[in-house]
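Data first, discussion second: the structure below is written as structure tokens.
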Amino acid sequence: MKKLGKFLALGLAGTMVASAVGCGGNTASNEPATDSAETTESTAEASTAEAAEESSDATEAESTEEATETTENTGSGAPLVIGESEFSEKFSPFFANSAYDINVEQMTSLPLLKVDRMGEIIMNGIEGETKEYDGNSYEYKGPANCEVTENEDGTVDYAFELRDDLTFSDGEPITIDDVIFSMYVLADPSYDGPSSFNALPINGMEAYRSGSDTLFNLLVKAGEDNTDFTYFTEDQQKKFWETDFPAAKEQFINDIADYCTANGAVSSDEDVAKDPIANAMANWGYGKAEGGVLTAPSGATFDVKGGQAPTVDDFWNEIIAAYDGDVMAAADAEKAGDGILDMLSDDYKNSIETGDSATSITGIEKTGDYSMVVHMDKLDATAIYSLPVEIAPLHYYGDKAEYDYDNNKFGFSKGDLSTVRAKTTEPLGAGPYVFQKYENKIVYFTANDSYYLGAPIIKDVQMKVTQQADAEPAVVQGTIDVAEPSANKSTLEQIAGDNSNGELIGDKIATSLVDNNGYGYIGMNSENVKVGDDPSSDESKALRKAIATVLAVHRDVVIDSYYGDAANVINYPISNTSWAAPQASDPDYKVAFSVDADGNDIYTDGMSEDEKYDAALQAALGFFEKAGYTVEDGKLTAAPAGAKLSYEAMIPADGSGDHPSFGILTAAKEDLAKIGFDLIINDLSDSSVLWSATEGGTAEIWCAAWGSSIDPDMYQIYHSEGGSAYMYRINQKELDDLVVEARSTTDQSVRKAIYKEALDYIVDYAVEIPVYQRQQCSIYSVERVDVDNSEMLQDQTTYFHFFASTSAHDGIEKLMTK
């Protein structure tokens with residue numbers, strides 16, 4: 001069975017990631033991610049997924065001649081086995097969403113442009129560029145060149161020139177038509193994958209996508225009693241409401257029941273039942289559905305129904321309630337696997353014209369067999385990371401008979417991506433490897449001998465689902481060769497202990513540590529943690545700052561205890577890997593939540609930890625008073641209207657406290673109790689409950705991690721119209737304007753100043769407590785991988801390490817086996 005959707009993804013919902021280059025996605029990996037060190041499932045930031053984890057899509061490549069020469073050093077011939085986490089089988093360049101699916105997809109595909117070790121775009125891929133890093137020179141090559149022209153009228157042109165000697169792994173030549181086809185798939189009105197390519201300000205994009213809606217949306221909007229059959233027939237309406245939609249809901253519930261049975265879920269779990277969606281799962285979803293009625297699991301009863309069997313619609317309506325009555329949002333709520341829409345036929349995903357709609361996108365202009373220009377209405381600094389789509393084969397994912405550029409035909413019928421969706425589980429492209437099959441939780445690849453940079457050294461690769469706790473022992477035992485375990489204190493100690501020299505690089509394991517492109521945080525929903533009706537009021541901010549101040553003071557000790565040297569505490573909601581991240585040496589740098597309600601510093605040099613805790617608690621009292629709480633004898637006795645004396649913090653710590661931020665919550669709970677405030681800790685064994693609560697708008701406080709991208713664009717997370725804006729619900733024009741302004745220039749120094757202002761705004765709004773920047777750990781079997789001679793292991797960076805480079809297409813093939 002495929003993995004379930006958001007409700008039951010067991011952490012995979014937190015792994016979403018939109019690839020930064022080559023997926024046509026937004027420049028950020030903008031799904032909430034449970035850090036891979038935060039759950040036993042090792043969810044990579046994927047997310048969304050975030051991110052991934054969050055995969056950087058392109059990286060360094062050497063010349064064809066050099067790569068070809070190295071193929072003489074062929075290794076043992078045994079397959080290279082890579083430990084991975086659970087796949088969702090969405091291996092398509094258009095629909096891969098979880099970090100693990102993206103790793104698979106990008107083994108087989110090729111992005112239009114690549115990046116170097118610092119995450120900078122290689123604009124001259126055909127000729128190649130030589131760049132310095134850490135005292136060494138590296139040559140980078142790619143499939144195309146790009147020239148950007150900023151016009152006097154504010155428009156921008158991106159001219160792409162493609163190599164003329166590229167082929168897909170099946171031998172078919174690559175032309176610019178394949179690139180145009182790929183762009184039109186991502187721009188299609190019915191496209192519902194993770195890419196935000198269609199949000200780019202390309203000339204004619206809005207006109208092309210307007211005047212249409214999906215059949216599913218039209219049917220839901222019309223309702224069961226509709227009598228207007230302008231856009232669909234009466235038979236279609238009847239079939240949907242009487243047969244297809246009920247069957248999809250029933251299948252969804254049965255998948256939940258199967259999942260809960262397989263994973264030992266317990267319907268009496270009070271913690272889980274606090275969330276409305278989880279409550280439906282716990283009380284109803286553990287039973288099987290048949291004929292529209294649920295049957296309780298063996299030995300259980302449906303308490304919420306007084307022992308009477310609930311119906312499928314009872315269960316579904318409770319889910320809908322968590323989405324504020326938005327059926328379409330609930331039906332589309334799948335991040336790591338199958339949601340309701342995936343259980344319906346593709347016909348319901350297809351779009352139907354309901355008004356005026358252009359037949360082509362005027363800003364996508366073909367200028368030759370191997371060249372094109374993309375015209376944009378305005379400058380968007382993030383566009384250079386979103387435009388270089390994965391080059392998908394038109395002849396495989398589309399229909400060559402349906403492609404006629406001059407007559408506005410682009411490889412499929414507009415609004416109908418059924419041919420593209422049909423290939424979701426079996427990818428094909430021009431990457432270094434060829435997908436063979438997915439069987440028994442193992443993905444099998446063989447080398448692409450026609451890869452344009454030369455056939456990979458390692459001829460066979462397997463990606464094998466491996467539990468996080470088993471990854472390091474499996475490398476030692478020789479059952480897998482490469483893995484990416486969580487870089488926490490105990491893991492690093494275990495690795496060092498397995499090497500005879502007691503170091504991270506020894507006779508059994510070689511370890512690489514690079515800063516992860518993401519960060520851990522504690523979040524708050526401003527609409528749920530507020531005073532009165534205005535989450536932006538000074539009183540509401542003061543309430544959140546009171547809680548944040550006590551949480552923040554415990555970060556240093558807890559993170560050091562959990563990670564040791566494998567993570568650092570951060571003070572701004574941005575990954576330290578970004579060029580936009582404020583540095584401690586900056587004159588206006590400030591430790592997060594280190595001033596009191598009057599703006600004075602809370603801490604002084606030389607304070608002991610206990611003195612800091614006491615000072616933080618006193619500062620919190622000041623914030624509570626400012627928020628309107630009644631304080632008597634140093635304790636809270638009453639809360640103002642709209643606020644409470646207790647709030648719940650959700651943390652996906654496997655029900656056992658296994659999470660980097662768990663110690664922060666427990667210490668803060670103890671401190672806040674001293675002043676009459678109750679921080680309720682909800683330790684979740686199933687992290688999907690958290691994602692359901694955050695998206696449904698019921699979460700108050702939670703612990704998670706964001707996956708970042710190469711460009712620090714904040715639109716997706718913090719702008720009111722961003723896809724993850726529901727997390728914090730800031731929705732303030734001042735912040736929106738800053739985010740948009742930072743997109744309107746390519747001057748990095750100007751952008752950094754604007755982002756600093758935006759970061760200060762977010763911290764002042766007090767909906768996100770930055771916690772840690774961890775390191776990402778890759779480990780290699782010294783007995784199987786030639787760590788001394790492999791170029792892939794030299795100068796690894798955030799954007800150029802093993803798992804990032806698998807998605808960058810030039811990683812595994814540069815490893816050498818013994």
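Labeling convention for the structure tokens: chains A, B, ... as they appear, residues from 1 per chain, ligands from 1 in order of appearance.
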For this session: Tell me, as a ChimeraX atom specification, which residues lie within 9 Å of Glu539 in chain A, counting only C-alpha atoms; anything in the same chain fewer than 6 positions away does not count.
Result: /A:530-532,623-628
Please produce a file of the residues just selected, as a short mmCIF file (atom, residue, chain, number, x, y, z; two decimals), in the first residue's frame, where the atoms kept are all heavy atoms.
data_model
loop_
_atom_site.label_atom_id
_atom_site.label_comp_id
_atom_site.auth_asym_id
_atom_site.auth_seq_id
_atom_site.Cartn_x
_atom_site.Cartn_y
_atom_site.Cartn_z
N LYS A 530 -3.42 34.56 21.61
CA LYS A 530 -3.63 36.01 21.48
C LYS A 530 -4.49 36.52 22.63
O LYS A 530 -5.06 35.74 23.41
CB LYS A 530 -4.33 36.32 20.15
CG LYS A 530 -5.75 35.77 20.06
CD LYS A 530 -6.40 36.09 18.73
CE LYS A 530 -7.81 35.49 18.68
NZ LYS A 530 -8.48 35.76 17.39
N VAL A 531 -4.59 37.84 22.71
CA VAL A 531 -5.46 38.51 23.66
C VAL A 531 -6.55 39.21 22.88
O VAL A 531 -6.26 39.89 21.88
CB VAL A 531 -4.67 39.53 24.52
CG1 VAL A 531 -5.62 40.32 25.42
CG2 VAL A 531 -3.60 38.82 25.35
N GLY A 532 -7.78 39.04 23.28
CA GLY A 532 -8.88 39.66 22.56
C GLY A 532 -9.06 39.06 21.17
O GLY A 532 -8.86 37.86 20.97
N PHE A 623 5.88 40.66 30.69
CA PHE A 623 5.14 40.52 29.43
C PHE A 623 3.69 40.12 29.69
O PHE A 623 2.77 40.62 29.02
CB PHE A 623 5.82 39.50 28.52
CG PHE A 623 7.01 40.04 27.78
CD1 PHE A 623 8.27 39.47 27.95
CD2 PHE A 623 6.88 41.10 26.89
CE1 PHE A 623 9.38 39.95 27.27
CE2 PHE A 623 7.98 41.59 26.19
CZ PHE A 623 9.23 41.01 26.38
N PHE A 624 3.47 39.20 30.65
CA PHE A 624 2.10 38.79 30.96
C PHE A 624 1.28 39.98 31.46
O PHE A 624 0.11 40.15 31.09
CB PHE A 624 2.11 37.67 32.01
CG PHE A 624 2.33 36.29 31.45
CD1 PHE A 624 3.39 35.50 31.90
CD2 PHE A 624 1.47 35.78 30.49
CE1 PHE A 624 3.59 34.22 31.40
CE2 PHE A 624 1.67 34.49 29.98
CZ PHE A 624 2.74 33.72 30.44
N GLU A 625 1.91 40.82 32.30
CA GLU A 625 1.21 42.01 32.78
C GLU A 625 0.87 42.95 31.63
O GLU A 625 -0.23 43.48 31.55
CB GLU A 625 2.08 42.73 33.82
CG GLU A 625 2.09 42.09 35.19
CD GLU A 625 2.76 42.96 36.23
OE1 GLU A 625 3.98 43.15 36.14
OE2 GLU A 625 2.04 43.47 37.12
N LYS A 626 1.83 43.10 30.71
CA LYS A 626 1.59 43.96 29.54
C LYS A 626 0.47 43.40 28.67
O LYS A 626 -0.28 44.14 28.03
CB LYS A 626 2.87 44.08 28.73
CG LYS A 626 2.77 45.06 27.56
CD LYS A 626 4.11 45.24 26.87
CE LYS A 626 4.00 46.24 25.71
NZ LYS A 626 5.31 46.42 25.04
N ALA A 627 0.35 42.08 28.68
CA ALA A 627 -0.71 41.43 27.89
C ALA A 627 -2.08 41.57 28.55
O ALA A 627 -3.10 41.25 27.91
CB ALA A 627 -0.37 39.95 27.69
N GLY A 628 -2.12 42.01 29.83
CA GLY A 628 -3.40 42.19 30.50
C GLY A 628 -3.72 41.13 31.53
O GLY A 628 -4.84 41.07 32.05
#
Closest pair table for range 123-174 of chain A residues within 12 Å of range 105-110 of chain A, only C-alpha atoms, as a Markdown table:
| residue | atom | partner | partner_atom | distance |
| --- | --- | --- | --- | --- |
| A:Gly142 | CA | A:Leu110 | CA | 9.1 |
| A:Pro143 | CA | A:Leu110 | CA | 8.0 |
| A:Ala144 | CA | A:Leu110 | CA | 10.7 |
| A:Leu166 | CA | A:Leu110 | CA | 10.3 |
| A:Thr167 | CA | A:Leu110 | CA | 10.5 |
| A:Phe168 | CA | A:Ser109 | CA | 8.7 |
| A:Ser169 | CA | A:Thr108 | CA | 8.3 |
| A:Asp170 | CA | A:Thr108 | CA | 11.3 |
| A:Ile174 | CA | A:Leu110 | CA | 10.8 |
For this session: Extract, using only C-alpha atoms, all DNA, RNA and protein residues at most 7 Å from Trp702 in chain A, discarding same-chain residues fewer than 4 positions from it, and format them as a ChimeraX atom specification.
Result: /A:522-524,649-651
Problem set entry | Nearest to Glu721 in chain A by atom-to-atom distance, counting only C-alpha atoms, from A:Arg544, A:Arg421, A:Lys644, A:Lys733 | A:Lys733
Just want the 8 Å neighbourhood of Ser781 in chain A, counted on only C-alpha atoms, with same-chain residues fewer than 4 positions away dropped. Output as a JSON list (two decimals) with N, CA and C atoms, in the first residue's frame.
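Written file, out-v3.json:
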[["chain", "number", "residue", "atom", "x", "y", "z"],
["A", 475, "VAL", "N", 25.72, 0.04, 8.18],
["A", 475, "VAL", "CA", 26.95, 0.38, 7.47],
["A", 475, "VAL", "C", 28.12, -0.43, 8.04],
["A", 476, "VAL", "N", 28.17, -0.55, 9.35],
["A", 476, "VAL", "CA", 29.24, -1.33, 9.99],
["A", 476, "VAL", "C", 29.16, -2.80, 9.58],
["A", 478, "GLY", "N", 27.83, -3.97, 6.89],
["A", 478, "GLY", "CA", 28.00, -4.16, 5.46],
["A", 478, "GLY", "C", 26.73, -4.41, 4.68],
["A", 480, "ILE", "N", 24.38, -2.01, 4.16],
["A", 480, "ILE", "CA", 24.28, -0.83, 3.32],
["A", 480, "ILE", "C", 25.63, -0.13, 3.31],
["A", 481, "ASP", "N", 25.86, 0.67, 2.29],
["A", 481, "ASP", "CA", 27.17, 1.29, 2.11],
["A", 481, "ASP", "C", 27.19, 2.77, 2.47],
["A", 482, "VAL", "N", 26.04, 3.42, 2.33],
["A", 482, "VAL", "CA", 25.96, 4.85, 2.58],
["A", 482, "VAL", "C", 24.65, 5.13, 3.30],
["A", 508, "LYS", "N", 36.26, 1.75, 9.84],
["A", 508, "LYS", "CA", 34.94, 1.20, 9.52],
["A", 508, "LYS", "C", 34.05, 2.21, 8.81],
["A", 509, "ILE", "N", 34.04, 3.42, 9.33],
["A", 509, "ILE", "CA", 33.13, 4.45, 8.82],
["A", 509, "ILE", "C", 33.89, 5.75, 8.57],
["A", 510, "ALA", "N", 33.55, 6.39, 7.44],
["A", 510, "ALA", "CA", 34.01, 7.75, 7.18],
["A", 510, "ALA", "C", 32.79, 8.66, 7.29],
["A", 785, "VAL", "N", 33.52, 1.93, 0.05],
["A", 785, "VAL", "CA", 33.65, 3.19, -0.67],
["A", 785, "VAL", "C", 35.07, 3.69, -0.56]]
With a distance cut-off of 12 Å and only C-alpha atoms, select the neighbouring residues of Tyr438 in chain A, excluding the residue or stretch itself and same-chain residues fewer than 2 positions from it, and output the selection as a PDB file with N, CA and C atoms, in the first residue's frame.
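Written output follows (result22.pdb):
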ATOM      1  N   GLU A  86      11.146   5.865   4.128  1.00  0.00           N
ATOM      2  CA  GLU A  86       9.998   5.349   3.386  1.00  0.00           C
ATOM      3  C   GLU A  86       9.674   6.181   2.151  1.00  0.00           C
ATOM      4  N   PHE A  87       9.454   5.499   1.035  1.00  0.00           N
ATOM      5  CA  PHE A  87       9.095   6.160  -0.210  1.00  0.00           C
ATOM      6  C   PHE A  87       7.577   6.266  -0.335  1.00  0.00           C
ATOM      7  N   SER A  88       7.142   7.246  -1.121  1.00  0.00           N
ATOM      8  CA  SER A  88       5.723   7.399  -1.425  1.00  0.00           C
ATOM      9  C   SER A  88       5.427   6.997  -2.863  1.00  0.00           C
ATOM     10  N   GLU A  89       6.439   6.568  -3.590  1.00  0.00           N
ATOM     11  CA  GLU A  89       6.330   6.109  -4.975  1.00  0.00           C
ATOM     12  C   GLU A  89       5.893   7.202  -5.942  1.00  0.00           C
ATOM     13  N   LYS A  90       6.151   8.443  -5.583  1.00  0.00           N
ATOM     14  CA  LYS A  90       5.922   9.541  -6.521  1.00  0.00           C
ATOM     15  C   LYS A  90       7.281   9.960  -7.060  1.00  0.00           C
ATOM     16  N   PHE A  91       7.747   9.224  -8.041  1.00  0.00           N
ATOM     17  CA  PHE A  91       9.098   9.401  -8.554  1.00  0.00           C
ATOM     18  C   PHE A  91       9.136  10.293  -9.799  1.00  0.00           C
ATOM     19  N   ASP A 101      11.447  10.559  -2.225  1.00  0.00           N
ATOM     20  CA  ASP A 101      11.008  10.407  -3.601  1.00  0.00           C
ATOM     21  C   ASP A 101      11.825  11.290  -4.540  1.00  0.00           C
ATOM     22  N   VAL A 104      15.073   9.731  -5.479  1.00  0.00           N
ATOM     23  CA  VAL A 104      14.902   8.723  -6.530  1.00  0.00           C
ATOM     24  C   VAL A 104      14.742   9.403  -7.882  1.00  0.00           C
ATOM     25  N   THR A 425       5.104   6.600 -11.166  1.00  0.00           N
ATOM     26  CA  THR A 425       5.893   5.624 -10.404  1.00  0.00           C
ATOM     27  C   THR A 425       7.085   5.070 -11.166  1.00  0.00           C
ATOM     28  N   GLU A 426       7.235   5.437 -12.442  1.00  0.00           N
ATOM     29  CA  GLU A 426       8.336   4.903 -13.258  1.00  0.00           C
ATOM     30  C   GLU A 426       9.019   6.047 -14.008  1.00  0.00           C
ATOM     31  N   PRO A 427       9.981   6.706 -13.378  1.00  0.00           N
ATOM     32  CA  PRO A 427      10.603   7.881 -13.990  1.00  0.00           C
ATOM     33  C   PRO A 427      11.562   7.526 -15.121  1.00  0.00           C
ATOM     34  N   PHE A 435      16.094   4.169 -13.876  1.00  0.00           N
ATOM     35  CA  PHE A 435      15.204   3.490 -12.927  1.00  0.00           C
ATOM     36  C   PHE A 435      14.822   2.117 -13.488  1.00  0.00           C
ATOM     37  N   GLN A 436      14.978   1.083 -12.668  1.00  0.00           N
ATOM     38  CA  GLN A 436      14.614  -0.267 -13.089  1.00  0.00           C
ATOM     39  C   GLN A 436      13.293  -0.713 -12.478  1.00  0.00           C
ATOM     40  N   ASN A 440       9.847  -4.531  -2.889  1.00  0.00           N
ATOM     41  CA  ASN A 440      10.202  -4.878  -1.510  1.00  0.00           C
ATOM     42  C   ASN A 440      10.956  -3.760  -0.806  1.00  0.00           C
ATOM     43  N   LYS A 441      10.478  -2.547  -1.010  1.00  0.00           N
ATOM     44  CA  LYS A 441      11.040  -1.343  -0.381  1.00  0.00           C
ATOM     45  C   LYS A 441      12.482  -1.069  -0.815  1.00  0.00           C
ATOM     46  N   ILE A 442      12.821  -1.480  -2.008  1.00  0.00           N
ATOM     47  CA  ILE A 442      14.133  -1.184  -2.588  1.00  0.00           C
ATOM     48  C   ILE A 442      13.931  -0.622  -3.991  1.00  0.00           C
ATOM     49  N   VAL A 443      14.588   0.494  -4.286  1.00  0.00           N
ATOM     50  CA  VAL A 443      14.589   1.045  -5.640  1.00  0.00           C
ATOM     51  C   VAL A 443      15.889   0.608  -6.314  1.00  0.00           C
ATOM     52  N   TYR A 444      15.758   0.052  -7.510  1.00  0.00           N
ATOM     53  CA  TYR A 444      16.905  -0.461  -8.250  1.00  0.00           C
ATOM     54  C   TYR A 444      17.227   0.459  -9.424  1.00  0.00           C
ATOM     55  N   PHE A 445      18.516   0.785  -9.570  1.00  0.00           N
ATOM     56  CA  PHE A 445      18.987   1.613 -10.681  1.00  0.00           C
ATOM     57  C   PHE A 445      20.155   0.928 -11.389  1.00  0.00           C
ATOM     58  N   GLN A 462      21.263   0.734  -5.347  1.00  0.00           N
ATOM     59  CA  GLN A 462      19.987   0.413  -4.717  1.00  0.00           C
ATOM     60  C   GLN A 462      19.715   1.417  -3.601  1.00  0.00           C
ATOM     61  N   MET A 463      18.492   1.894  -3.530  1.00  0.00           N
ATOM     62  CA  MET A 463      18.045   2.711  -2.406  1.00  0.00           C
ATOM     63  C   MET A 463      17.116   1.853  -1.577  1.00  0.00           C
ATOM     64  N   LYS A 464      17.520   1.570  -0.354  1.00  0.00           N
ATOM     65  CA  LYS A 464      16.828   0.605   0.488  1.00  0.00           C
ATOM     66  C   LYS A 464      16.239   1.289   1.712  1.00  0.00           C
ATOM     67  N   VAL A 465      14.939   1.092   1.927  1.00  0.00           N
ATOM     68  CA  VAL A 465      14.294   1.670   3.107  1.00  0.00           C
ATOM     69  C   VAL A 465      14.930   1.081   4.360  1.00  0.00           C
TER      70      VAL A 465
END
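Summary of the local environment: counting only C-alpha atoms, residues at most 8 Å from Met118 in chain A, other than itself and those fewer than 5 positions away along its chain, are Thr797, Thr798 and Tyr799 of chain A.
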Problem set entry | Selection: 7 Å around Pro485 in chain A, only C-alpha atoms, excl. self and same-chain fewer than 5 positions, as a VMD selection string | chain A and resid 468 471 to 472 777 to 778
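Taking CA of Ile457 in chain A and CA of Leu504 in chain A as endpoints, the distance between them is 26.0 Å.
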Problem set entry | CA of Asn516 in chain A to CA of Thr577 in chain A, straight-line distance in Å | 7.5 Å
Exercise. Mind checking DSSP for range 569-781 of chain A and telling me the alpha helix (DSSP H) residues as a count of residues only?
Worked result: 73
For this session: Run DSSP on the backbone of this structure and report the residues of range 442-646 of chain A it assigns to strand (DSSP E or B), as a ChimeraX atom specification.
Result: /A:442-447,460-465,482-483,486,509-515,518-524,567-569,595,601,630-632,635-638,646
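Remark: for Glu734 in chain A, the closest of the candidate residues A:Ser536, A:Asn145, A:Gln775, A:Ser182 is A:Ser536 (distances computed over only C-alpha atoms).
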Problem set entry | Atomic separation - CA of Tyr563 in chain A relative to CA of Ala487 in chain A, Å |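 Interatomic distance here is 7.1 Å.
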Proximity check range 316-428 of chain A to range 749-761 of chain A, 12 Å, nearest pairs one decimal Å, only C-alpha atoms, as a tab-separated table:
residue	atom	partner	partner_atom	distance
A:Asp380	CA	A:Arg751	CA	11.8
A:Ala381	CA	A:Arg751	CA	9.2
A:Thr382	CA	A:Arg751	CA	11.3
Problem set entry | Which residue of A:Ile675, A:Leu387, A:Ala78, A:Ile762 approaches Met183 in chain A most closely, using only C-alpha atoms |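 Answer, going by the shortest atom-to-atom distance: A:Leu387.
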